[in-house]
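Remarks on the structure that follows.
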There are 2 protein chains.
Amino acid sequence: MKEKFYKYIQNLQDTITAKLEDVDGKATFKEDVWERPEGGGGRTRVIENGAVFEKGGVNISGVHGALPDAMKKYFGVEEGDFFACGLSLVLHPNNPMVPTVHANWRYFEMYDKLGNIVNSWFGGGQDLTPYYLFDEDAKHFHATCKEACDRHDDGFHIKYKKQCDTYFWNTHRNEARGIGGLFFDRCSETEDMNMQNWFDFVTEVGNSFLQGYVPIVEKRKELEYTREQRNWQEVRRGRYVEFNLIHDKGTLFGIKTNGRIESILMSLPPHVQWHYNHQPEKGSEEARLLEVLKNPKEWI
Amino acid sequence: MKEKFYKYIQNLQDTITAKLEDVDGKATFKEDVWERPEGGGGRTRVIENGAVFEKGGVNISGVHGALPDAMKKYFGVEEGDFFACGLSLVLHPNNPMVPTVHANWRYFEMYDKLGNIVNSWFGGGQDLTPYYLFDEDAKHFHATCKEACDRHDDGFHIKYKKQCDTYFWNTHRNEARGIGGLFFDRCSETEDMNMQNWFDFVTEVGNSFLQGYVPIVEKRKELEYTREQRNWQEVRRGRYVEFNLIHDKGTLFGIKTNGRIESILMSLPPHVQWHYNHQPEKGSEEARLLEVLKNPKEWI
């Protein structure tokens with residue numbers, strides 16, 4: 001399974017970066033291949049200063065070896081070996097009318113001393129962070145997520161949409177990071193789903209990513225915007241930074257396990273602002289966005 | 001002691017904000033007085049878009065009540081009441097030739113069920129974060145710290161300078177946030193120092209703040225700078241954000257104990273940049289700064 005999924009994310013990285021370069025039309029992804037001293041490595045691909053994408057990364061990694069201390073603590077085990085691989089992407093567009101998107105699909109195996117798999121699971125999801133809210137875009141993104149889920153289990157979409165709203169919650173601001181999407185974790189063998197079923201589900205979701213995001217980008221990338229709207233985008237990007245550095249398990253995990261810092265922090269936006277007690281005007285589009293972020297809604 | 005120290009920081013806030021307004025010459029501090037539902041409150045003073053200070057806050061707070069869960073866990077106690085007060089300041093100047101400065105001086109009391117003090121201590125310090133390194137400025141700042149320390153104990157300066165370098169360390173970048181200053185914590189009664197002695201020490205340090213920082217601001221605030229130097233400042237401010245949101249105990253503590261979020265996060269810089277794998281040119285002034293941040297030095 002690990003070879004199969006790693007091969008899948010390698011191909012998916014190629015597909016996604018090729019399409020995004022095509023959408024951007026100006027910038028291309030720069031590749032850094034890196035090795036982890038303790039085992040494994042990754043292929044980081046970053047795009048910067050594009051016509052559409054101000055900054056973004058579509059990274060894969062496959063790492064293995066003895067469980068680092070932080071992971072032993074997290075999983076509550078004394079010792080053991082692990083394998084983990086995944087694709088992580090974040091895209092920060094120039095235009096505040098185009099939402100930021102994040103996605104991650106991953107696979108994990110844990111081994112006993114003899115090298116037998118004691119546990120394995122898939123995890124992942126994708127979520128959208130708009131700066132201005134176009135209801136039809138939100139509906140399209142969530143509809144794509146639902147379609148991928150529905151092919152595998154009628155209950156997945158409701159469950160994983162809800163988990164997404166819960167996970168990407170900035171507790172210290174009492175608001176969501178964005179308008180959500182899907183979030184699933186620890187997807188292990190059950191009565192209904194064996195690991196091949198999970199593989200089919202996760203790859204279905206991964207394959208749907210471009211279809212969920214690209215039409216939104218195409219529709220909004222040429223829209224005009226003001227300096228004030230750009231400022232709002234940069235202020236909201238500040239909340240993105242706050243979530244990733246304070247709450248995001250993946251980021252903190254990467255930092256604590258001595259991951260490749262530039263690959264982990266590629267998720268941070270290129271230009272960000274923090275002002276004291278910034279509040280949008282009542283009745284404005286900005287205020288409407290905040291309202292939705294404070295009360296996540298069902299889009300479909 | 002608690003009334004005495006709270007009165008002290010109230011006066012110090014007045015002195016510091018008055019002097020900084022004077023230095024800035026354009027912007028003034030806006031005041032927000034707030035109350036903590038569980039007991040106490042604070043007086044937040046923020047300056048923005050000044051001639052010298054792009055953003056800054058000089059805040060005091062005095063809070064009390066039952067120990068919040070996060071504090072009980074931190075202190076390893078089952079229950080109890082507490083009182084905590086302090087002054088926190090962060091100043092982010094416009095000009096990259098002027099360093100950012102941070103300071104905090106605080107006093108804490110913990111009580112048993114009957115309201116008796118079971119423990120009390122002072123803590124605090126100040127530290128400088130330059131974007132361009134002027135050795136004479138670094139020496140001046142540390143000399144002022146040393147002078148205040150030396151009046152109380154010959155060993156304080158070496159000890160607290162070292163603790164500062166250790167505390168403000170961005171482990172995930174393997175570099176210091178800035179060039180340090182002083183950091184002391186849990187200053188309780190000892191054979192040599194009773195609480196009045198600690199009060200005298202902490203207030204001596206607090207009183208020396210303006211003398212340590214203002215001459216540097218005056219000397220550098222009119223220096224010319226390029227767009228590239230400003231970009232470098234904004235990139236380095238990203239490291240400041242990373243430290244505060246990932247590592248700073250005070251910030252995380254405030255967030256976990258449901259503190260007033262806008263007062264806590266006033267420390268974040270107004271304009272910040274993150275670029276993938278940003279590296280200064282070999283032999284440049286920017287590279288020289290990084291060298292010092294990776295290997296904290298003795299300035300006096």
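Going by the structure tokens order, chains are called A, B, ..., each with residues numbered from 1, while ligands are numbered from 1 in the order shown.
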
Residue contacts of range 111-124 of chain B (9 Å, only C-alpha atoms) excluding same-chain residues fewer than 2 positions away, as a list of chain:residue names: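 Those residues are B:Glu79, B:Gly80, B:Asp81, B:Phe82, B:Phe83, B:Gly86, B:Ala103, B:Asn104, B:Trp105, B:Arg106, B:Tyr107, B:Phe108, B:Glu109, B:Gln126, B:Leu182, B:Phe183, B:Phe184, B:Asp185, B:Arg186, B:Cys187, B:Ser188, B:Glu189, B:Met195, B:Trp198, B:Phe199, B:Val202.
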
Counting only C-alpha atoms, what are the residues of chain B within 6 Å of chain A, and for each of them which pair of atoms is the nearest and at what distance in Å, to one decimal? Sort the table by chain and rising number, as JSON lines.
{"residue": "B:Leu245", "atom": "CA", "partner": "A:Ile246", "partner_atom": "CA", "distance": 5.7}
{"residue": "B:Ile246", "atom": "CA", "partner": "A:Leu245", "partner_atom": "CA", "distance": 5.7}
{"residue": "B:Glu262", "atom": "CA", "partner": "A:Asn277", "partner_atom": "CA", "distance": 5.8}
{"residue": "B:Met266", "atom": "CA", "partner": "A:Tyr276", "partner_atom": "CA", "distance": 5.9}
{"residue": "B:Pro270", "atom": "CA", "partner": "A:Trp274", "partner_atom": "CA", "distance": 4.6}
{"residue": "B:His271", "atom": "CA", "partner": "A:Gln273", "partner_atom": "CA", "distance": 4.6}
{"residue": "B:Val272", "atom": "CA", "partner": "A:Val272", "partner_atom": "CA", "distance": 5.1}
{"residue": "B:Gln273", "atom": "CA", "partner": "A:His271", "partner_atom": "CA", "distance": 4.6}
{"residue": "B:Trp274", "atom": "CA", "partner": "A:Pro270", "partner_atom": "CA", "distance": 4.6}
{"residue": "B:His275", "atom": "CA", "partner": "A:Pro270", "partner_atom": "CA", "distance": 5.8}
{"residue": "B:Tyr276", "atom": "CA", "partner": "A:Met266", "partner_atom": "CA", "distance": 5.9}
{"residue": "B:Asn277", "atom": "CA", "partner": "A:Glu262", "partner_atom": "CA", "distance": 5.8}

Who sits within 12 Å of Ile158 in chain B, only C-alpha atoms, same chain under 2 positions skipped, as a list in words: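 The filter keeps His142, Ala143, Cys145, Lys146, Glu147, Cys149, Asp150, Asp153, Asp154, Gly155, Phe156, Tyr160, Lys161, Lys162, Gln163, Cys164, Asp165, Gly180, Gly181, Leu182, Phe183, Phe184, Lys297, Glu298, Trp299 and Ile300 of chain B.
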
Test item, strand (DSSP E or B) assignment across range 33-275 of chain B, answer as a ChimeraX atom specification: /B:33-35,40-48,53-66,81-93,100-111,117-129,169-170,175-176,180-187,271-273

Long-range neighbours of Asn95 in chain B as a list in words, 10 Å cut-off, only C-alpha atoms, 4 positions minimum in chain: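 After dropping sequence-adjacent residues, the list is Ala51, Val52, Phe53, Glu54, Pro99, Thr100, Tyr131, Val217, Arg220, Lys221, Glu222, Leu223, Glu224, Tyr225, Thr226, Gln229, Arg230 and Gln233 of chain B.
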
Put those residues in a file: C-alpha atoms, as a short mmCIF file (atom, residue, chain, number, x, y, z; two decimals), in the first residue's frame.
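Saved to again.cif:
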data_model
loop_
_atom_site.label_atom_id
_atom_site.label_comp_id
_atom_site.auth_asym_id
_atom_site.auth_seq_id
_atom_site.Cartn_x
_atom_site.Cartn_y
_atom_site.Cartn_z
CA ALA B 51 6.39 58.96 11.99
CA VAL B 52 8.74 56.60 13.84
CA PHE B 53 6.57 53.79 15.17
CA GLU B 54 4.62 51.83 12.60
CA PRO B 99 15.38 47.92 16.00
CA THR B 100 12.17 46.43 17.36
CA TYR B 131 17.20 44.30 11.26
CA VAL B 217 15.86 55.33 17.98
CA ARG B 220 18.74 55.83 13.48
CA LYS B 221 15.25 57.10 12.79
CA GLU B 222 16.26 59.51 10.02
CA LEU B 223 18.58 57.11 8.18
CA GLU B 224 17.69 56.45 4.58
CA TYR B 225 16.83 52.96 3.46
CA THR B 226 15.95 51.12 0.26
CA GLN B 229 16.13 46.86 3.15
CA ARG B 230 12.50 47.34 4.03
CA GLN B 233 12.87 43.97 7.74
#

Point-to-point distance in Å for CA of Lys139 in chain B and CA of His157 in chain B: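 Computing the Euclidean distance for CA of His157 in chain B and CA of Lys139 in chain B yields 13.6 Å.
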
If we count only C-alpha atoms and set the cut-off at 12 Å, which residues sit around Ile16 in chain B, ignoring sequence neighbours fewer than 6 positions away in its own chain? Please answer as a short mmCIF file (atom, residue, chain, number, x, y, z; two decimals) with C-alpha atoms, in the first residue's frame.
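The new file part.cif reads:
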data_model
loop_
_atom_site.label_atom_id
_atom_site.label_comp_id
_atom_site.auth_asym_id
_atom_site.auth_seq_id
_atom_site.Cartn_x
_atom_site.Cartn_y
_atom_site.Cartn_z
CA ILE B 9 3.58 49.86 36.31
CA GLN B 10 0.70 52.33 35.97
CA ASP B 22 7.45 62.74 22.10
CA VAL B 23 9.98 60.72 20.07
CA PHE B 29 -1.32 56.21 21.86
CA ARG B 45 -2.25 51.62 24.78
CA GLY B 56 3.43 49.38 19.04
CA GLY B 57 1.72 48.72 22.31
CA VAL B 58 2.51 49.52 25.92
CA ASN B 59 -0.01 47.53 27.94
CA ILE B 60 -0.63 46.91 31.59
CA LEU B 87 3.56 45.77 31.81
CA SER B 88 4.24 44.46 28.30
CA LEU B 89 5.53 46.51 25.44
CA VAL B 90 6.52 45.91 21.85
CA LEU B 91 7.53 48.61 19.37
CA ALA B 103 9.93 44.43 27.37
CA GLY B 206 11.99 49.07 34.20
CA ASN B 207 13.22 52.59 34.87
CA SER B 208 16.25 52.03 32.65
CA PHE B 209 14.18 51.03 29.61
CA LEU B 210 13.86 54.41 27.93
CA GLN B 211 17.55 55.12 28.46
CA TYR B 213 16.16 52.22 23.74
CA VAL B 214 15.42 55.86 22.97
#

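Every protein or nucleic acid residue with an atom no more than 10 Å from Gly50 in chain A, counting only C-alpha atoms and leaving out same-chain residues fewer than 6 positions away, appears here: Glu21, Val23, Asp24, Gly25, Lys26, Ala27, Thr28, Phe29, Gly56, Pro93 and Asn94 of chain A.
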
Let me see the file: selected residues, N, CA and C atoms, as a CSV table (one decimal), in the first residue's frame.
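And here's result.csv as it stands now:
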chain,number,residue,atom,x,y,z
A,21,GLU,N,0.4,25.6,-13.3
A,21,GLU,CA,1.3,26.4,-14.2
A,21,GLU,C,0.5,26.9,-15.4
A,23,VAL,N,-2.7,27.4,-15.5
A,23,VAL,CA,-3.7,28.5,-15.1
A,23,VAL,C,-2.9,29.8,-14.8
A,24,ASP,N,-1.7,29.7,-14.3
A,24,ASP,CA,-1.0,30.9,-13.9
A,24,ASP,C,-0.5,31.6,-15.2
A,25,GLY,N,0.1,30.9,-16.1
A,25,GLY,CA,0.5,31.4,-17.4
A,25,GLY,C,1.8,32.2,-17.4
A,26,LYS,N,2.3,32.4,-16.1
A,26,LYS,CA,3.6,33.2,-16.1
A,26,LYS,C,4.7,32.5,-15.3
A,27,ALA,N,4.4,32.2,-14.0
A,27,ALA,CA,5.4,31.5,-13.2
A,27,ALA,C,5.3,30.0,-13.3
A,28,THR,N,6.5,29.4,-13.0
A,28,THR,CA,6.5,27.9,-12.9
A,28,THR,C,7.0,27.5,-11.6
A,29,PHE,N,6.7,26.2,-11.3
A,29,PHE,CA,7.1,25.7,-10.0
A,29,PHE,C,8.6,25.4,-10.0
A,56,GLY,N,2.8,29.7,-3.5
A,56,GLY,CA,2.1,28.4,-3.3
A,56,GLY,C,3.1,27.3,-3.3
A,93,PRO,N,-3.3,33.2,-3.8
A,93,PRO,CA,-3.4,34.0,-5.1
A,93,PRO,C,-3.2,35.5,-4.8
A,94,ASN,N,-2.8,36.2,-5.8
A,94,ASN,CA,-2.6,37.7,-5.7
A,94,ASN,C,-4.0,38.3,-5.4

One-decimal distance in Å that lies between CA of Glu175 in chain B and CA of Ser61 in chain A: 25.4 Å
